[in-house]
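Trainee: Sending over a structure as structure tokens; questions will come in a sec.
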Amino acid sequence: MRATLIGQPLTRLDGRLKVTGRATYAAEFQRSKLAYGALIQSTIANGSVVSIDLSAAKSAPGVIGILTRENAPQFKPYPDELTKNGAPGESRVPLQDDNVYWVGQHLGVVVAETFEQATHAASLVRVQYESKPPLVSLTDANPVQPEKFIARERLQAKRGDVNGALASAAHKIDVVYSTPIENHNPIETTSTTAEWEAPDRLLIHESTRGIKQLQKVVASVFGLPRENVHIICKFIGGAFGAKGFQWSHTILATAAAQLVQRPVKITFTRPQMFDSAGQRAHTEQRFSLGTDNTGKLVALRHATTTHCSPVSEFTEPCGNMSRMLYSCPNVEVSHRLVRLNLTTPCPMRAPGEAPGIFALECALDELAHRADIDPVELRVRNYAEFNEYENKPWSSKKLRECYQRGAEKFGWSKRNRKPRATRAADGSQVGFGMATAIYPAGQQKAGATAILNKDGTVTVRSATHEIGTGTYTAMSQFAADTLGIPIEKVRFELGDSQFPDAPNNGGSWLTSSVAPAVMGACRELKKKIAQAGGNWPNDPAQLADLFVRSGQEQVQAEFNSEPNREEREKFSFFSYGALFVEVHVDLFGQVRVKRAVGVYDTGRMINPRLARSQILGGMLFGFSMALMEGTIPDQKTGRIVNPNLADYHVLVHADTPEFDIDFINEPDPHMPDLGARGIGEIGIVGAPAAVANAVFNATGKRVRDLPITPDKLI
Ligand code: MOS
């Protein structure tokens with residue numbers, strides 16, 4: 001492979017399309033005879049529907065039809081492989097009974113000629129309920145152990161004797177951290193347009209980062225062969241977890257389209273992003289840590305209580321990194337769940353790691369303060385030379401280098417260990433804080449096709465996704481390098497369920513999963529041409545001639561890649577980082593992140609520009625989590641009181657600090673062919689803790705409950 005493009009900071013190939021508005025997002029596909037659906041949603045959190053009065057809605061202007069339980073078809077269940085293993089998303093198909101489990105639950109769809117008419121008519125629907133008091137808070141009920149496991153994690157872990165070790169520890173802490181419910185707020189809200197092309201054939205345009213999974217889900221619910229369900233999604237305007245799983249709106253749009261015999265589009269309003277497509281659950285995390293008198297950890301206990309909905313089980317896996325990020329002989333990690341009358345939780349950017357590492361990295365900071373050891377030094381003293389939970393060596397780990405380089409770039413040595421010791425010229429209190437970042441480097445199987453066209457260009461296809469992170473660009477880099485042709489000669493296509501299999505886009509595994517398939521397909525293509533007697537030309541311009549001579553329209557090759565099982569079994573794969581922040585806290589308790597330095601070991605760089613952008617976005621997400629975000633359910637009614645961007649605050653450009661983001665950039669020897677590990681989610685990990693630790697350094701106040709709003713500091 002002539003590696004000329006991998007490692008280059010190429011700008012996004014689809015950048016121009018996006019900034020000129022020519023990139024077509026799910027809600028923007030025009031269909032003929034399109035009708036609009038508005039969801040009918042429950043206004044109570046617990047109970048059942050007694051009756052629904054549609055009379056006013058039916059006679060409202062523009063109404064074409066209304067789908068409720070009365071006229072809904074009998075849906076088949078979601079595929080077992082999703083619901084039985086506790087895969088995230090809804091596990092119960094809509095409209096098959098009268099039960100209500102949370103405010104906003106979908107009770108039907110009003111279909112009209114315009115979005116406004118549908119919305120107006122839906123507001124005229126009157127629902128009678130039998131209402132029971134809802135369970136809304138973690139303290140309302142007895143938590144239980146989760147029954148299902150998320151495929152990649154086990155939720156309870158124990159080694160050694162934590163109580164014994166704590167009893168004789170020289171320094172210890174025992175504290176509780178909490179993180180609030182958070183909602184995914186991509187600028188593009190969820191949208192689906194369902195269209196029956198024939199009585200047994202469906203075309204769906206949806207903002208989904210799980211094209212193949214959605215195809216499986218819809219086929220299963222409507223009893224269709226999988227290939228009769230065609231899902232298209234060319235661009236996604238942010239997802240962060242929400243668009244990855246099965247939610248009832250897709251089923252409802254599809255059934256509504258069947259009812260009115262026209263294409264039906266449902267696009268979420270901003271408030272619907274808070275009750276219809278998952279959320280990060282509220283967590284309470286009790287942390288006990290103990291060290292000997294040299295600062296070496298002797299005991300770690302991380303006990304998480306969180307919640308799921310009454311009908312779907314998902315556990316925010318907060319403790320998983322606590323099992324192995326540091327070396328410690330006595331460890332206990334546990335998770336308990338409460339079923340609450342709130343919408344179904346699901347992964348939200350770094351599920352588990354984001355809230356879990358907030359607690360772990362704050363706890364380390366508290367211990368460093370108590371033992372009077374520098375926080376970086378404490379981490380280095382407890383460096384894990386291998387994964388003590390799995391008892392395996394790391395595939396590659398340059399975290400020590402991340403600490404060193406990060407501390408140097410930031411000027412960590414200038415930090416005053418004493419809190420409240422530094423002020424800025426404007427009188428603000430100044431604090432330095434740091435945290436470790438870690439995220440699993442997963443890999444999945446994937447497929448790709450490479451096609452040599454008559455004009456000498458190559459088209460490469462895979463049913464993967466572009467969620468704003470640069471898939472079109474990165475995959476074109478891999479294809480062009482493997483083929484040894486200029487990137488302009490390559491066209492990478494994604495977002496179509498008719499393309500070869502690719503995994504759900506999540507878990508930071510897109511590039512490491514799909515790139516091996518893309519490279520494989522390109523190699524196969526070259527082989528095929530060689531077998532046909534043609535030599536892959538040194539001059540790519542000659543590619544077109546190959547065809548003229550062969551008389552064919554195109555030559556096509558496929559490849560299915562799988563993670564290297566042997567390597568995966570022998571080694572433990574993670575990405576790492578160290579981040580350092582400077583915060584200023586003004587007289588009114590307002591915290592601003594002024595500077596952020598992050599150094600990451602994610603293996604080999606594929607595209608430094610896109611990588612930096614990933615990390616930068618992740619860090620901002622983390623600062624937003626630290627300082628602003630929090631969904632507030634009313635404790636009596638279960639209704640979300642801040643379901644909009646005026647009351648649910650997210651960080652904006654004006655809050656952006658000065659960034660210095662750097663990478664170790666050393667290939668992982670156990671990721672054959674690729675050398676790169678996941679980069680998607682690690683940016684958020686550690687960011688909330690670094691801010692909280694800096695706020696403590698600035699003010700002497702230890703805020704353990706996110707977000708760190710001014711009321712907690714004055
Ligand atoms: Mo992440 S929410 O697993 O992309």
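Residue numbers start at 1 in each chain; chains themselves are named A, B, ... in the order of the structure tokens; ligands are numbered from 1 in the order shown.
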Ligand 1: which residues are within 6 Å, counting only C-alpha atoms and all ligand atoms, as JSON, numbers by chain?
Mentor: {"A": [240, 241, 347, 348, 349, 350, 351, 506, 507, 508]}
Trainee: Against stretch 181-196 of chain A, which residues of stretch 280-376 of chain A fall within 8 Å? For each one I want the closest pair of atoms and the distance in Å (one decimal), counting only C-alpha atoms, rows by chain and increasing residue number, as JSON lines.
Mentor:
{"residue": "A:Arg280", "atom": "CA", "partner": "A:Glu182", "partner_atom": "CA", "distance": 5.0}
{"residue": "A:Ala281", "atom": "CA", "partner": "A:Ile181", "partner_atom": "CA", "distance": 4.8}
{"residue": "A:His282", "atom": "CA", "partner": "A:Ile181", "partner_atom": "CA", "distance": 4.3}
{"residue": "A:Thr283", "atom": "CA", "partner": "A:Ile181", "partner_atom": "CA", "distance": 7.8}
{"residue": "A:Met348", "atom": "CA", "partner": "A:His184", "partner_atom": "CA", "distance": 6.7}
Trainee: Would you mind listing what lies within 9 Å of A:Ala517 as an mmCIF file with all heavy atoms, in the first residue's frame, with only C-alpha atoms counted and same-chain residues fewer than 3 positions away left out?
Mentor:
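Written out: out.cif:
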data_model
loop_
_atom_site.group_PDB
_atom_site.id
_atom_site.type_symbol
_atom_site.label_atom_id
_atom_site.label_comp_id
_atom_site.auth_asym_id
_atom_site.auth_seq_id
_atom_site.Cartn_x
_atom_site.Cartn_y
_atom_site.Cartn_z
ATOM 1 N N LYS A 445 -17.481 -6.720 12.886
ATOM 2 C CA LYS A 445 -17.324 -7.157 11.503
ATOM 3 C C LYS A 445 -18.056 -6.193 10.573
ATOM 4 O O LYS A 445 -19.022 -5.548 10.980
ATOM 5 C CB LYS A 445 -17.789 -8.593 11.312
ATOM 6 C CG LYS A 445 -19.166 -8.878 11.797
ATOM 7 C CD LYS A 445 -19.473 -10.347 11.607
ATOM 8 C CE LYS A 445 -20.934 -10.546 11.971
ATOM 9 N NZ LYS A 445 -21.406 -11.880 11.983
ATOM 10 N N ALA A 446 -17.576 -6.123 9.356
ATOM 11 C CA ALA A 446 -18.178 -5.195 8.388
ATOM 12 C C ALA A 446 -17.885 -5.682 6.979
ATOM 13 O O ALA A 446 -16.978 -6.489 6.761
ATOM 14 C CB ALA A 446 -17.620 -3.790 8.581
ATOM 15 N N GLY A 447 -18.649 -5.163 6.023
ATOM 16 C CA GLY A 447 -18.438 -5.530 4.633
ATOM 17 C C GLY A 447 -18.334 -4.301 3.747
ATOM 18 O O GLY A 447 -18.778 -3.214 4.131
ATOM 19 N N ALA A 448 -17.729 -4.464 2.586
ATOM 20 C CA ALA A 448 -17.657 -3.369 1.614
ATOM 21 C C ALA A 448 -17.563 -3.958 0.208
ATOM 22 O O ALA A 448 -17.142 -5.096 0.018
ATOM 23 C CB ALA A 448 -16.460 -2.475 1.891
ATOM 24 N N THR A 449 -17.983 -3.173 -0.776
ATOM 25 C CA THR A 449 -17.843 -3.528 -2.189
ATOM 26 C C THR A 449 -16.986 -2.462 -2.849
ATOM 27 O O THR A 449 -17.137 -1.282 -2.543
ATOM 28 C CB THR A 449 -19.190 -3.442 -2.936
ATOM 29 O OG1 THR A 449 -20.202 -3.912 -2.090
ATOM 30 C CG2 THR A 449 -19.176 -4.223 -4.217
ATOM 31 N N SER A 462 -20.445 0.799 1.537
ATOM 32 C CA SER A 462 -20.693 0.042 2.759
ATOM 33 C C SER A 462 -21.883 0.693 3.460
ATOM 34 O O SER A 462 -22.051 1.911 3.395
ATOM 35 C CB SER A 462 -19.453 0.076 3.657
ATOM 36 O OG SER A 462 -19.715 -0.620 4.855
ATOM 37 N N SER A 513 -13.702 -0.630 12.316
ATOM 38 C CA SER A 513 -14.493 -1.751 11.799
ATOM 39 C C SER A 513 -14.638 -1.696 10.284
ATOM 40 O O SER A 513 -14.498 -2.714 9.606
ATOM 41 C CB SER A 513 -15.900 -1.738 12.418
ATOM 42 O OG SER A 513 -15.829 -1.753 13.818
ATOM 43 N N VAL A 514 -14.942 -0.514 9.753
ATOM 44 C CA VAL A 514 -15.270 -0.409 8.328
ATOM 45 C C VAL A 514 -14.014 -0.286 7.452
ATOM 46 O O VAL A 514 -13.977 -0.812 6.337
ATOM 47 C CB VAL A 514 -16.258 0.756 8.070
ATOM 48 C CG1 VAL A 514 -16.626 0.848 6.595
ATOM 49 C CG2 VAL A 514 -17.528 0.568 8.906
ATOM 50 N N GLY A 520 -9.939 -4.249 2.284
ATOM 51 C CA GLY A 520 -10.065 -5.614 1.760
ATOM 52 C C GLY A 520 -10.731 -5.630 0.397
ATOM 53 O O GLY A 520 -10.272 -6.299 -0.537
ATOM 54 N N ALA A 521 -11.814 -4.877 0.255
ATOM 55 C CA ALA A 521 -12.540 -4.852 -1.018
ATOM 56 C C ALA A 521 -11.651 -4.276 -2.124
ATOM 57 O O ALA A 521 -11.672 -4.759 -3.268
ATOM 58 C CB ALA A 521 -13.825 -4.043 -0.873
ATOM 59 N N CYS A 522 -10.874 -3.272 -1.796
ATOM 60 C CA CYS A 522 -9.992 -2.660 -2.800
ATOM 61 C C CYS A 522 -8.885 -3.633 -3.216
ATOM 62 O O CYS A 522 -8.535 -3.733 -4.393
ATOM 63 C CB CYS A 522 -9.398 -1.356 -2.262
ATOM 64 S SG CYS A 522 -10.649 -0.061 -2.094
ATOM 65 N N GLU A 558 -15.947 -7.859 -3.487
ATOM 66 C CA GLU A 558 -16.485 -7.664 -2.137
ATOM 67 C C GLU A 558 -15.519 -8.179 -1.101
ATOM 68 O O GLU A 558 -14.697 -9.054 -1.394
ATOM 69 C CB GLU A 558 -17.791 -8.458 -1.980
ATOM 70 C CG GLU A 558 -18.935 -7.795 -2.680
ATOM 71 C CD GLU A 558 -20.268 -8.026 -1.993
ATOM 72 O OE1 GLU A 558 -20.281 -8.338 -0.783
ATOM 73 O OE2 GLU A 558 -21.283 -7.883 -2.683
ATOM 74 N N PHE A 559 -15.636 -7.657 0.102
ATOM 75 C CA PHE A 559 -14.828 -8.191 1.191
ATOM 76 C C PHE A 559 -15.564 -8.015 2.516
ATOM 77 O O PHE A 559 -16.175 -6.980 2.769
ATOM 78 C CB PHE A 559 -13.478 -7.467 1.259
ATOM 79 C CG PHE A 559 -12.509 -8.128 2.199
ATOM 80 C CD1 PHE A 559 -11.814 -9.271 1.813
ATOM 81 C CD2 PHE A 559 -12.302 -7.619 3.476
ATOM 82 C CE1 PHE A 559 -10.930 -9.887 2.688
ATOM 83 C CE2 PHE A 559 -11.417 -8.235 4.358
ATOM 84 C CZ PHE A 559 -10.733 -9.374 3.960
ATOM 85 N N ASN A 560 -15.518 -9.081 3.324
ATOM 86 C CA ASN A 560 -16.081 -8.994 4.675
ATOM 87 C C ASN A 560 -14.957 -9.117 5.680
ATOM 88 O O ASN A 560 -14.216 -10.101 5.654
ATOM 89 C CB ASN A 560 -17.105 -10.098 4.900
ATOM 90 C CG ASN A 560 -18.336 -9.874 4.042
ATOM 91 O OD1 ASN A 560 -18.945 -8.801 4.082
ATOM 92 N ND2 ASN A 560 -18.674 -10.853 3.221
ATOM 93 N N SER A 561 -14.829 -8.142 6.533
ATOM 94 C CA SER A 561 -13.736 -8.182 7.514
ATOM 95 C C SER A 561 -14.280 -8.579 8.882
ATOM 96 O O SER A 561 -15.453 -8.334 9.195
ATOM 97 C CB SER A 561 -13.064 -6.823 7.607
ATOM 98 O OG SER A 561 -13.969 -5.885 8.131
ATOM 99 N N GLU A 562 -13.434 -9.187 9.663
ATOM 100 C CA GLU A 562 -13.798 -9.548 11.039
ATOM 101 C C GLU A 562 -12.669 -9.127 11.949
ATOM 102 O O GLU A 562 -11.513 -9.151 11.544
ATOM 103 C CB GLU A 562 -13.948 -11.070 11.153
ATOM 104 C CG GLU A 562 -15.115 -11.592 10.395
ATOM 105 C CD GLU A 562 -15.767 -12.776 11.087
ATOM 106 O OE1 GLU A 562 -15.501 -12.981 12.290
ATOM 107 O OE2 GLU A 562 -16.523 -13.475 10.410
#
Trainee: Which of these, A:Thr43, A:Met324, A:Ala371, A:Val591, has the shortest distance to A:Ser428 once you count only C-alpha atoms?
Mentor: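 Using only C-alpha atoms, the shortest distance to A:Ser428 belongs to A:Val591.
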Trainee: Residues near A:Pro672, anyone? I mean within 10 Å using only C-alpha atoms, not counting same-chain ones fewer than 4 positions away, as a list in words.
Mentor: Pro516, Pro563, Asn564, Glu567, Pro667, Asp668 and Ala676 of chain A
Trainee: Step one, run DSSP on the backbone; step two, keep only residues of stretch 525-668 of chain A assigned to strand (DSSP E or B); then write them as an MDAnalysis selection string.
Mentor: chainID A and resid 554:561 572 574:585 591:601 603 631 633 640 658:663
Trainee: Name the residues of stretch 617-673 of chain A that come out as helix (DSSP H, G or I) in a backbone DSSP run; write them as an NGL selection string.
Mentor: :A and (617-627 or 653-655)
Trainee: Could you please take those selected residues and save C-alpha atoms as an mmCIF file, in the first residue's frame?
Mentor:
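That gives us part-v7.cif:
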data_model
loop_
_atom_site.group_PDB
_atom_site.id
_atom_site.type_symbol
_atom_site.label_atom_id
_atom_site.label_comp_id
_atom_site.auth_asym_id
_atom_site.auth_seq_id
_atom_site.Cartn_x
_atom_site.Cartn_y
_atom_site.Cartn_z
ATOM 1 C CA GLY A 617 -16.239 18.238 20.080
ATOM 2 C CA GLY A 618 -16.018 15.591 22.773
ATOM 3 C CA MET A 619 -14.329 17.938 25.230
ATOM 4 C CA LEU A 620 -16.964 20.611 24.646
ATOM 5 C CA PHE A 621 -19.604 17.969 25.273
ATOM 6 C CA GLY A 622 -17.823 17.159 28.538
ATOM 7 C CA PHE A 623 -17.546 20.781 29.614
ATOM 8 C CA SER A 624 -21.233 21.176 28.822
ATOM 9 C CA MET A 625 -21.964 18.149 31.010
ATOM 10 C CA ALA A 626 -19.800 19.626 33.762
ATOM 11 C CA LEU A 627 -21.361 23.062 33.797
ATOM 12 C CA HIS A 653 -19.246 28.957 20.789
ATOM 13 C CA ALA A 654 -18.954 31.800 23.286
ATOM 14 C CA ASP A 655 -18.067 29.222 25.955
#
Trainee: Can you list, as a ChimeraX atom specification, every protein, DNA or RNA residue that comes within 9 Å of A:Gln554 when you count only C-alpha atoms, leaving out same-chain residues fewer than 2 positions away?
Mentor: /A:451-454,547,552,556
Trainee: Write the residues of the preceding selection, restricted to N, CA and C atoms, as a PDB file, in the first residue's frame.
Mentor:
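Output saved as part11.pdb:
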ATOM      1  N   ILE A 451     -16.011  -1.119  -6.759  1.00  0.00           N
ATOM      2  CA  ILE A 451     -16.414  -1.263  -8.160  1.00  0.00           C
ATOM      3  C   ILE A 451     -15.523  -0.384  -9.021  1.00  0.00           C
ATOM      4  N   LEU A 452     -14.886  -1.007 -10.015  1.00  0.00           N
ATOM      5  CA  LEU A 452     -14.122  -0.213 -10.981  1.00  0.00           C
ATOM      6  C   LEU A 452     -15.061   0.120 -12.137  1.00  0.00           C
ATOM      7  N   ASN A 453     -15.286   1.401 -12.340  1.00  0.00           N
ATOM      8  CA  ASN A 453     -16.240   1.839 -13.366  1.00  0.00           C
ATOM      9  C   ASN A 453     -15.550   2.022 -14.718  1.00  0.00           C
ATOM     10  N   LYS A 454     -16.372   2.097 -15.711  1.00  0.00           N
ATOM     11  CA  LYS A 454     -15.910   2.257 -17.084  1.00  0.00           C
ATOM     12  C   LYS A 454     -15.009   3.482 -17.277  1.00  0.00           C
ATOM     13  N   PHE A 547     -11.060  -1.272 -19.388  1.00  0.00           N
ATOM     14  CA  PHE A 547     -12.439  -1.642 -19.701  1.00  0.00           C
ATOM     15  C   PHE A 547     -12.730  -1.654 -21.162  1.00  0.00           C
ATOM     16  N   GLN A 552     -16.271  -4.844 -20.642  1.00  0.00           N
ATOM     17  CA  GLN A 552     -17.225  -4.933 -19.533  1.00  0.00           C
ATOM     18  C   GLN A 552     -17.684  -3.552 -19.096  1.00  0.00           C
ATOM     19  N   GLN A 556     -16.414  -5.770 -10.129  1.00  0.00           N
ATOM     20  CA  GLN A 556     -16.814  -5.562  -8.744  1.00  0.00           C
ATOM     21  C   GLN A 556     -16.188  -6.605  -7.832  1.00  0.00           C
TER      22      GLN A 556
END
Trainee: Under the rule that only C-alpha atoms are counted, which of A:Asn505, A:Ser322, A:Thr699, A:Ser48 is the nearest residue to A:Gly589?
Mentor: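 Counting only C-alpha atoms, the residue closest to A:Gly589 is A:Thr699.
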Trainee: Rank nothing, just name the residue among A:Ala557, A:Cys328, A:Ala450, A:Leu259 nearest to A:Glu385, using only C-alpha atoms.
Mentor: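 Looking only at the distances to A:Glu385, the closest residue turns out to be A:Cys328.
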Trainee: Got a sec: who's within 8 Å of stretch 203-208 of chain A, counting only C-alpha atoms, leaving out chain neighbours fewer than 3 positions off, as JSON, numbers by chain?
Mentor: {"A": [25, 26, 27, 29, 190, 191, 192, 193, 194, 195, 196, 197, 211, 214, 229, 230, 231, 232, 233, 235, 236, 243, 244, 245]}
Trainee: Here is a test: counting only C-alpha atoms, which residue of A:Asp53, A:Asp496, A:Glu401, A:Asp174 is nearest to A:Arg126?
Mentor: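 Counting only C-alpha atoms, the residue closest to A:Arg126 is A:Asp53.
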Trainee: With distances taken over only C-alpha atoms, which of A:Val175, A:Ala112, A:Ala242, A:Ala45 is nearest to A:Asn99?
Mentor: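 Between A:Val175, A:Ala112, A:Ala242, A:Ala45, the residue approaching A:Asn99 most closely is A:Ala45.
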